[in-house]
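Working notes, beginning with the structure itself.
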Amino acid sequence: MITEQTIIEAHNRIKPFIHQTPVLTSGSLDEIAGCMLFFKSENFQKVGAFKARGAMNAVLSLSREQRARGVATHSSGNHAQALARAAKIMGTKAYIVMPRTAPQIKKQGVIAYGGEIFECEPTLKSREETLATVVKEKGAHIIHPFNNYEVIAGQATAAKEFFEEINYLDFIIAPVGGGGLLSGTGLAAKFFSPQTIVMGAEPEGADDAYRSMESGMIEPSQSDSVADGLLTTLGTKTFPIIQETVKKIITVSDVEIISAMRLVWERLKIIIEPSAAVAFAALLKNKAQFRSKNVGIILSGGNIDLERAGKLFASV
């Protein structure tokens with residue numbers, strides 16, 4: 001299991017290979033939200049997303065023999081790029097299963113880092129079956145995008161940094177897909193900022209985390225949202241941590257996600273992807289709950305095709 005020391009060791013292990021991303025603020029967004037906002041900007045992270053943390057920690061945690069066989073995963077894009085980068089740094093191969101519908105910018109990132117892409121249909125079943133075939137052929141070590149304790153510990157370092165810089169957060173909100181970032185954020189709050197309430201945010205069209213918290217068991221994802229990075233189901237390792245450390249999951253519509261993304265682009269003057277806007281959208285939907293509080297929001301990534309962004313903004 002992951003302890004406080006596990007996260008500290010993970011952070012020390014990956015520090016030479018990641019950015020300590022900035023925390024941004026905006027007076028105009030504070031006025032709109034009715035609270036004090038702090039944005040942990042993981043869109044400035046290596047590969048443009050927090051995933052660089054978990055992938056790097058997982059690859060560094062492998063034995064020399066395991067690394068020599070190469071690493072493999074399935075991912076819609078950000079973990080794919082992160083694992084390809086980590087593999088390149090450590091001098092090994094990365095075999096990446098990606099849905100054929102994954103954004104082109106993310107596929108290009110994988111190729112740029114030397115990863116080999118195997119396309120599949122945009123379903124979890126197809127992802128897993130294709131990955132099994134690749135692993136059988138290549139003999140590579142699987143590094144799951146979220147259902148892996150080394151990955152979770154790596155993702156927890158984002159919130160650890162956040163709390164070290166802003167040590168008076170009343171709430172912290174993170175998006176949830178498979179749960180690697182949210183479970184890591186929950187653990188970081190538990191160990192480094194126990195007074196901070198952890199909230200999750202996800203699309204209405206992929207609300208498996210919300211339904212899972214309600215039912216007490218992992219529910220399947222519907223996978224229908226503009227937030228392509230969140231279209232997956234919770235893991236057997238992430239879900240129990242989320243149950244223990246996260247107070248609530250807030251769901252938001254695609255229109256609310258796009259509107260929040262537009263506000264961040266316009267007011268913070270930075271590029272984020274739809275998945276990264278989900279946490280801010282959740283706050284805007286529930287302003288009364290956060291009124292006059294200090295709220296931390298993790299902006300998870302910034303990998304989006306600009307043409308697609310233009311079409312999304314034009315749609316609302």
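Going by the structure tokens order, chains are called A, B, ..., each with residues numbered from 1, while ligands are numbered from 1 in the order shown.
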*Which residues, written as a PyMOL selection string, have at least one atom at most 9 Å from segment 255-264 of chain A, with only C-alpha atoms counted and residues fewer than 5 positions away on the same chain left out?*
chain A and resi 29+203+226-227+269-282+284-285+309+312-313+315-316
_Using only C-alpha atoms, which protein or nucleic acid residues come within 7 Å of Gly77 of chain A? Drop anything in the same chain fewer than 6 positions from it, and give the result as a count of residues only._
3
*Tell me, as a ChimeraX atom specification, which residues lie within 8 Å of Ala87 of chain A, counting only C-alpha atoms; anything in the same chain fewer than 5 positions away does not count.*
/A:59,70-71,92-94
Near segment 210-214 of chain A, 12 Å: segment 72-187 of chain A residue rows, closest pairs, only C-alpha atoms, as CSV:
residue,atom,partner,partner_atom,distance
A:Pro175,CA,A:Tyr210,CA,11.6
A:Val176,CA,A:Tyr210,CA,9.6
A:Gly177,CA,A:Tyr210,CA,10.7
A:Gly178,CA,A:Ser212,CA,11.8
A:Gly179,CA,A:Tyr210,CA,11.6
*asked:* Report as a list in words all protein, DNA and RNA residues lying within 12 Å of Tyr113 of chain A, evaluated on only C-alpha atoms, omitting residues in the same chain fewer than 2 positions from it.
replied: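 That gives Lys46, Val47, Ala80, Gln81, Ala82, Leu83, Ala84, Arg85, Ala86, Ala87, Lys88, Ile89, Met90, Gly91, Thr92, Lys93, Ala94, Tyr95, Ile96, Lys106, Lys107, Gln108, Gly109, Val110, Ile111, Gly115, Glu116 and Ile117 of chain A.
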May I have the selected residues written with C-alpha atoms, as a CSV table (one decimal), in the first residue's frame?
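Result file is result13.csv:
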chain,number,residue,atom,x,y,z
A,46,LYS,CA,6.6,17.3,-19.3
A,47,VAL,CA,4.5,15.8,-22.1
A,80,ALA,CA,0.9,7.0,-23.7
A,81,GLN,CA,3.2,10.0,-24.2
A,82,ALA,CA,4.4,9.9,-20.7
A,83,LEU,CA,5.4,6.2,-20.8
A,84,ALA,CA,7.1,6.6,-24.2
A,85,ARG,CA,9.1,9.5,-22.8
A,86,ALA,CA,10.1,7.6,-19.6
A,87,ALA,CA,11.1,4.6,-21.7
A,88,LYS,CA,13.3,6.8,-23.9
A,89,ILE,CA,15.0,8.3,-20.9
A,90,MET,CA,15.7,4.9,-19.5
A,91,GLY,CA,16.9,3.5,-22.8
A,92,THR,CA,14.2,0.9,-23.4
A,93,LYS,CA,11.2,0.4,-25.8
A,94,ALA,CA,7.6,1.5,-25.3
A,95,TYR,CA,4.7,-0.3,-27.0
A,96,ILE,CA,1.5,1.7,-26.8
A,106,LYS,CA,-1.2,12.8,-28.6
A,107,LYS,CA,-0.3,10.2,-31.2
A,108,GLN,CA,2.4,12.5,-32.6
A,109,GLY,CA,3.7,12.9,-29.1
A,110,VAL,CA,4.1,9.2,-28.6
A,111,ILE,CA,5.9,8.8,-32.0
A,115,GLY,CA,7.0,4.8,-28.9
A,116,GLU,CA,5.5,2.2,-31.1
A,117,ILE,CA,1.7,2.6,-31.5
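Residue nearest Ser41 of chain A, chosen from A:Gly186, A:Pro240, A:Pro22, A:Pro122 and counting only C-alpha atoms: A:Pro22.
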*asked:* Using DSSP secondary structure from the backbone, list all helix (DSSP H, G or I) positions within segment 50-155 of chain A, as a VMD selection string.
replied: chain A and resid 51 to 60 64 to 68 78 to 89 104 to 112 124 to 138 149 to 155
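Secondary structure of segment 126-300 of chain A, strand (DSSP E or B) only (DSSP, backbone atoms): A:His141, A:Ile142, A:Phe171, A:Ile172, A:Ile173, A:Ala174, A:Pro175, A:Ile197, A:Val198, A:Met199, A:Gly200, A:Ala201, A:Glu202, A:Pro203, A:Lys248, A:Ile249, A:Ile250, A:Thr251, A:Val252, A:Asn294, A:Val295, A:Gly296, A:Ile297, A:Ile298, A:Leu299.
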For the selection just defined, write its residues with C-alpha atoms to a file, as a JSON list (two decimals), in the first residue's frame.
[["chain", "number", "residue", "atom", "x", "y", "z"],
["A", 141, "HIS", "CA", 6.23, -5.24, -18.81],
["A", 142, "ILE", "CA", 2.74, -3.71, -18.52],
["A", 171, "PHE", "CA", -10.79, 22.13, -0.89],
["A", 172, "ILE", "CA", -8.87, 20.50, -3.70],
["A", 173, "ILE", "CA", -10.64, 19.29, -6.84],
["A", 174, "ALA", "CA", -9.19, 16.87, -9.38],
["A", 175, "PRO", "CA", -10.70, 15.24, -12.47],
["A", 197, "ILE", "CA", -11.44, 18.28, 1.62],
["A", 198, "VAL", "CA", -10.89, 16.32, -1.60],
["A", 199, "MET", "CA", -13.50, 16.39, -4.36],
["A", 200, "GLY", "CA", -13.55, 14.60, -7.70],
["A", 201, "ALA", "CA", -15.03, 15.85, -10.95],
["A", 202, "GLU", "CA", -16.10, 13.92, -14.04],
["A", 203, "PRO", "CA", -18.24, 14.26, -17.15],
["A", 248, "LYS", "CA", -17.74, 13.64, -3.24],
["A", 249, "ILE", "CA", -17.76, 13.29, -7.04],
["A", 250, "ILE", "CA", -19.37, 16.15, -9.00],
["A", 251, "THR", "CA", -20.55, 15.56, -12.57],
["A", 252, "VAL", "CA", -20.68, 18.21, -15.29],
["A", 294, "ASN", "CA", -9.60, 28.63, -0.70],
["A", 295, "VAL", "CA", -9.96, 26.09, -3.49],
["A", 296, "GLY", "CA", -7.19, 24.25, -5.31],
["A", 297, "ILE", "CA", -7.88, 22.96, -8.81],
["A", 298, "ILE", "CA", -5.59, 20.58, -10.64],
["A", 299, "LEU", "CA", -5.45, 21.41, -14.34]]
*Grab the atom CA of Phe191 of chain A to atom CA of Asp30 of chain A distance for me, in Å with one decimal place.*
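Interatomic distance here is 27.8 Å.
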